[in-house]
Amino acid sequence: MVVQKTLAFLAVVLAAVSSLSLMESVSAQMAWGQLATQTVPPARAYHTLVHDPVRGRTVMFGGLAQDGSILTDTWEWDNSNWTQLFPAHSPSPARWGSVACFDRSRGTLVLFGGGTASAFLADTWEWDGSDWRSLATTGPSPRVLGGFAFDHANGSPVLVGGQGGDPRSTWRISDMWRLVGGVWQPILTAPLPPAATGALFCADPHRREIVFQGGSNVVEIDECWVWNGVTWRSGPTRGAYSGSASAYDPLRRRIVAFGGNRFVTTADTWEWDGAAWIQRSPSPSPSVRTGSRVAFDPVRGRILMFGGDGPPGSPGRSDETWEYFNLSQARYDNYGQGCSGTNQQVPQLDTVDDSLPWIGESWWLELRNLPATFHVPFGLIGTSRTTANGLPLPFNLGVIGMPGCLMLMSGDLGAAIIPSVQGRPEWTFSIPLDQQLVGANVFVQALVLNPGANDLGVIVSNGGDARVGMK
């Protein structure tokens, strides 16, 4: 009989575990922390900062220096320190206010436009991890401080808006372009977000959307728009901000925005959860600033920030490196290995779409590589991966007719058949919105009835180590 995991079932299971391993704090407290790096790049604002997932580095380029000069240097963040690079070519002339994003379709970082002391630019450059290369393509007009993000719905970078003309102009642009195969193409759609400079423009890969919020057209704009790959729709706003730094946090599936101008320069931290803006109160927090830049560091699992411009009368531009993180972070890690069945493949237990165990949300696991012949998968839940009934783990199941199979967790909190969803075994946990569960550790493993696989007719998967978190 197929047994669906229910809210009540998980509440009992996780409540039992939570009494064993609660964190000291059960609140979802976010925090900023300043990093003392061995190398400190020069202070700057209105630069670019983009993570390169192919090479595992975060790349910073250009901007306005403390003395007002314009930079043309390239730096890499290796998840612990900054290193200046000296490529054979660099975007020329030196520039500030450029926009950049990673083009997943081409596997390169793309930079567009920016400004010198006397003119705005409309050239396009690519960074391949070792050198900059100019793309021989034309399209968007010269501009600074537009919006540029990868459109996951269409598989191409998208550019909107910005300030056009020259540094003395108040012209704000309202247009939209995409870069396909290194060639610019206009996107003729209506309506468009308002003409603005310094608007938040950030991709949400999970929802396959791009969020546009705020910006300035002489005064700050209080609007939010969401692009779904085809059309724009208006959304709830967080107030009239311009110059905020923004990046997507894939662990919590939220866009994080920091600082910017709201009539005055702020140190506000906001998050977009796909439906609404949520203001956070992290402690500690960076000082007020605009023109800083942020990117997600997947190795550390945190938002990285560098630089920014303080308000008039402040020390000026920053050379600080900060990171933003969750003190109640959920996590899931696979460990160990299962044993093969009649199809000579090992069952693999893993998360669905990188989902994590958050209170108040559903958490999905799936089982892959199952035999095509008769099989029945069970899910086991335990409180330990080191001991089970006084026996050390992992335990060799060969002694009961399962050679090559290991028991990787205690299995003391029960088992149930994993139901099949559209032909795929999927294990769903509906985690209660109960702060007492935050920090609870649970361990999971799948057991599969597979006659003929061994003397007992049973095989097992790898193990999973999970900690319940709160967003």
# chains A, B, ... in the order shown; residues from 1 in each chain; ligands from 1
>>> select_by_dssp(residues="segment 285-315 of chain A", states="strand (DSSP E or B)", output="number ranges by chain")
A: 290, 293-297, 302-306, 309
>>> residues_around(residues="segment 205-208 of chain A", least_positions_apart="3", cutoff="8 Å", atoms="only C-alpha atoms", output="list in words")
Asp151, His152, Ala153, Asn228, Gly229, Pro250, Arg253 and Gly274 of chain A
>>> closest_residue(among="A:Thr321, A:Ser292, A:Gln185, A:Ser105", to="Thr138 of chain A", atoms="only C-alpha atoms")
A:Gln185
>>> residues_around(residues="Arg302 of chain A", least_positions_apart="4", cutoff="10 Å", atoms="only C-alpha atoms", output="number ranges by chain")
A: 32, 79, 249-251, 295-298, 322-326
>>> write_last_selection(atoms="N, CA and C atoms", output="mmCIF file, in the first residue's frame")
data_model
loop_
_atom_site.group_PDB
_atom_site.id
_atom_site.type_symbol
_atom_site.label_atom_id
_atom_site.label_comp_id
_atom_site.auth_asym_id
_atom_site.auth_seq_id
_atom_site.Cartn_x
_atom_site.Cartn_y
_atom_site.Cartn_z
ATOM 1 N N TRP A 32 25.196 40.203 8.583
ATOM 2 C CA TRP A 32 26.314 40.585 7.736
ATOM 3 C C TRP A 32 27.594 40.450 8.552
ATOM 4 N N ASN A 79 36.901 32.677 -3.012
ATOM 5 C CA ASN A 79 36.120 32.204 -1.871
ATOM 6 C C ASN A 79 36.805 32.458 -0.535
ATOM 7 N N ASP A 249 20.027 34.409 -3.913
ATOM 8 C CA ASP A 249 20.499 33.384 -2.980
ATOM 9 C C ASP A 249 19.794 32.076 -3.326
ATOM 10 N N PRO A 250 20.463 31.118 -3.990
ATOM 11 C CA PRO A 250 19.800 29.880 -4.405
ATOM 12 C C PRO A 250 19.461 28.951 -3.250
ATOM 13 N N LEU A 251 20.133 29.095 -2.111
ATOM 14 C CA LEU A 251 19.837 28.229 -0.974
ATOM 15 C C LEU A 251 18.465 28.545 -0.393
ATOM 16 N N ALA A 295 27.346 39.435 -5.063
ATOM 17 C CA ALA A 295 27.230 38.214 -5.854
ATOM 18 C C ALA A 295 27.175 37.041 -4.890
ATOM 19 N N PHE A 296 26.543 35.954 -5.296
ATOM 20 C CA PHE A 296 26.460 34.778 -4.426
ATOM 21 C C PHE A 296 27.718 33.938 -4.560
ATOM 22 N N ASP A 297 28.305 33.581 -3.416
ATOM 23 C CA ASP A 297 29.486 32.723 -3.346
ATOM 24 C C ASP A 297 29.008 31.313 -3.004
ATOM 25 N N PRO A 298 28.942 30.390 -3.979
ATOM 26 C CA PRO A 298 28.375 29.065 -3.713
ATOM 27 C C PRO A 298 29.230 28.194 -2.811
ATOM 28 N N TRP A 322 32.247 42.228 2.613
ATOM 29 C CA TRP A 322 31.256 41.721 3.561
ATOM 30 C C TRP A 322 30.589 40.476 2.986
ATOM 31 N N GLU A 323 29.966 39.693 3.877
ATOM 32 C CA GLU A 323 29.137 38.583 3.432
ATOM 33 C C GLU A 323 27.856 38.539 4.259
ATOM 34 N N TYR A 324 26.786 38.078 3.618
ATOM 35 C CA TYR A 324 25.453 38.026 4.223
ATOM 36 C C TYR A 324 25.050 36.564 4.332
ATOM 37 N N PHE A 325 24.599 36.152 5.519
ATOM 38 C CA PHE A 325 24.338 34.728 5.718
ATOM 39 C C PHE A 325 23.227 34.498 6.733
ATOM 40 N N ASN A 326 22.733 33.273 6.728
ATOM 41 C CA ASN A 326 21.632 32.843 7.583
ATOM 42 C C ASN A 326 22.193 32.045 8.755
#
>>> residues_around(residues="Cys202 of chain A", least_positions_apart="4", cutoff="8 Å", atoms="only C-alpha atoms", output="PyMOL selection string")
chain A and resi 147-149+210-212+246-248+255
>>> atom_distance(atom1="atom CA of Gln66 of chain A", atom2="atom CA of Arg95 of chain A")
14.2 Å
>>> residues_around(residues="Val219 of chain A", least_positions_apart="5", cutoff="12 Å", atoms="only C-alpha atoms", output="PDB file with N, CA and C atoms, in the first residue's frame")
ATOM      1  N   THR A 170      20.275  64.126 -18.190  1.00  0.00           N
ATOM      2  CA  THR A 170      19.295  63.526 -17.274  1.00  0.00           C
ATOM      3  C   THR A 170      18.390  62.557 -18.031  1.00  0.00           C
ATOM      4  N   ARG A 172      16.861  59.293 -19.208  1.00  0.00           N
ATOM      5  CA  ARG A 172      16.737  57.915 -18.750  1.00  0.00           C
ATOM      6  C   ARG A 172      16.130  57.076 -19.872  1.00  0.00           C
ATOM      7  N   ALA A 195      11.407  54.231 -17.465  1.00  0.00           N
ATOM      8  CA  ALA A 195      12.778  54.652 -17.760  1.00  0.00           C
ATOM      9  C   ALA A 195      13.472  54.998 -16.451  1.00  0.00           C
ATOM     10  N   ALA A 196      14.619  54.376 -16.200  1.00  0.00           N
ATOM     11  CA  ALA A 196      15.269  54.564 -14.897  1.00  0.00           C
ATOM     12  C   ALA A 196      16.741  54.227 -14.988  1.00  0.00           C
ATOM     13  N   THR A 197      17.498  54.789 -14.073  1.00  0.00           N
ATOM     14  CA  THR A 197      18.892  54.418 -13.873  1.00  0.00           C
ATOM     15  C   THR A 197      19.047  53.890 -12.452  1.00  0.00           C
ATOM     16  N   GLY A 198      19.936  52.923 -12.272  1.00  0.00           N
ATOM     17  CA  GLY A 198      20.199  52.388 -10.940  1.00  0.00           C
ATOM     18  C   GLY A 198      19.084  51.548 -10.369  1.00  0.00           C
ATOM     19  N   ALA A 199      18.221  50.995 -11.232  1.00  0.00           N
ATOM     20  CA  ALA A 199      17.157  50.117 -10.737  1.00  0.00           C
ATOM     21  C   ALA A 199      17.737  48.767 -10.335  1.00  0.00           C
ATOM     22  N   GLY A 214      12.391  49.801  -8.447  1.00  0.00           N
ATOM     23  CA  GLY A 214      12.935  51.109  -8.127  1.00  0.00           C
ATOM     24  C   GLY A 214      13.675  51.759  -9.278  1.00  0.00           C
ATOM     25  N   ALA A 240      10.689  53.498  -2.734  1.00  0.00           N
ATOM     26  CA  ALA A 240      11.436  54.165  -3.802  1.00  0.00           C
ATOM     27  C   ALA A 240      12.930  54.121  -3.512  1.00  0.00           C
ATOM     28  N   TYR A 241      13.622  53.131  -4.073  1.00  0.00           N
ATOM     29  CA  TYR A 241      15.067  52.963  -3.902  1.00  0.00           C
ATOM     30  C   TYR A 241      15.759  53.055  -5.257  1.00  0.00           C
ATOM     31  N   SER A 242      16.980  53.566  -5.266  1.00  0.00           N
ATOM     32  CA  SER A 242      17.850  53.458  -6.435  1.00  0.00           C
ATOM     33  C   SER A 242      19.262  53.155  -5.950  1.00  0.00           C
ATOM     34  N   ASN A 261      19.811  54.479  -2.370  1.00  0.00           N
ATOM     35  CA  ASN A 261      19.235  55.760  -1.957  1.00  0.00           C
ATOM     36  C   ASN A 261      17.718  55.662  -1.875  1.00  0.00           C
ATOM     37  N   ARG A 262      17.183  56.134  -0.774  1.00  0.00           N
ATOM     38  CA  ARG A 262      15.742  56.317  -0.628  1.00  0.00           C
ATOM     39  C   ARG A 262      15.546  57.724  -0.060  1.00  0.00           C
ATOM     40  N   PHE A 263      15.813  58.701  -0.928  1.00  0.00           N
ATOM     41  CA  PHE A 263      15.875  60.118  -0.541  1.00  0.00           C
ATOM     42  C   PHE A 263      17.150  60.389   0.264  1.00  0.00           C
ATOM     43  N   VAL A 264      17.554  59.453   1.108  1.00  0.00           N
ATOM     44  CA  VAL A 264      18.860  59.489   1.760  1.00  0.00           C
ATOM     45  C   VAL A 264      19.516  58.131   1.534  1.00  0.00           C
TER      46      VAL A 264
END
>>> residues_around(residues="Pro157 of chain A", least_positions_apart="6", cutoff="10 Å", atoms="only C-alpha atoms", output="short mmCIF file (atom, residue, chain, number, x, y, z; two decimals) with N, CA and C atoms, in the first residue's frame")
data_model
loop_
_atom_site.label_atom_id
_atom_site.label_comp_id
_atom_site.auth_asym_id
_atom_site.auth_seq_id
_atom_site.Cartn_x
_atom_site.Cartn_y
_atom_site.Cartn_z
N ALA A 100 27.10 43.88 -15.94
CA ALA A 100 27.69 42.59 -16.30
C ALA A 100 26.83 41.46 -15.76
N CYS A 101 26.86 40.34 -16.44
CA CYS A 101 26.21 39.12 -15.94
C CYS A 101 26.90 37.92 -16.58
N PHE A 102 26.61 36.74 -16.07
CA PHE A 102 27.19 35.52 -16.65
C PHE A 102 26.22 34.95 -17.67
N ASP A 103 26.73 34.74 -18.89
CA ASP A 103 25.93 34.16 -19.97
C ASP A 103 26.09 32.65 -19.93
N ARG A 104 25.10 31.97 -19.37
CA ARG A 104 25.19 30.51 -19.22
C ARG A 104 25.15 29.79 -20.57
N SER A 105 24.59 30.40 -21.56
CA SER A 105 24.52 29.75 -22.87
C SER A 105 25.88 29.71 -23.56
N VAL A 110 29.78 38.50 -19.42
CA VAL A 110 29.57 39.56 -20.41
C VAL A 110 29.47 40.90 -19.70
N PHE A 148 21.04 44.38 -16.14
CA PHE A 148 21.56 43.32 -16.99
C PHE A 148 21.52 42.02 -16.20
N ALA A 149 20.81 41.02 -16.70
CA ALA A 149 20.68 39.75 -15.99
C ALA A 149 20.40 38.64 -17.00
N PHE A 150 20.70 37.41 -16.60
CA PHE A 150 20.46 36.27 -17.48
C PHE A 150 19.00 35.85 -17.38
N ASP A 151 18.35 35.75 -18.53
CA ASP A 151 16.95 35.34 -18.61
C ASP A 151 16.89 33.82 -18.71
N TRP A 177 16.77 44.72 -24.52
CA TRP A 177 17.58 44.00 -25.49
C TRP A 177 17.96 42.63 -24.93
N ARG A 178 18.22 41.69 -25.85
CA ARG A 178 18.79 40.41 -25.43
C ARG A 178 20.03 40.13 -26.27
N LEU A 179 20.99 39.41 -25.66
CA LEU A 179 22.23 39.04 -26.33
C LEU A 179 22.17 37.55 -26.65
N VAL A 180 22.02 37.22 -27.93
CA VAL A 180 21.86 35.84 -28.37
C VAL A 180 23.06 35.43 -29.21
N GLY A 181 23.84 34.49 -28.71
CA GLY A 181 25.01 34.05 -29.46
C GLY A 181 26.01 35.15 -29.71
N GLY A 182 26.07 36.13 -28.80
CA GLY A 182 27.00 37.23 -28.95
C GLY A 182 26.49 38.35 -29.84
N TRP A 184 23.36 41.30 -30.34
CA TRP A 184 22.25 42.01 -29.69
C TRP A 184 20.99 41.99 -30.56
N ALA A 203 17.98 38.34 -11.63
CA ALA A 203 17.34 37.11 -12.08
C ALA A 203 16.99 36.21 -10.91
#
>>> atom_distance(atom1="atom CA of Ala36 of chain A", atom2="atom CA of Pro286 of chain A")
13.8 Å
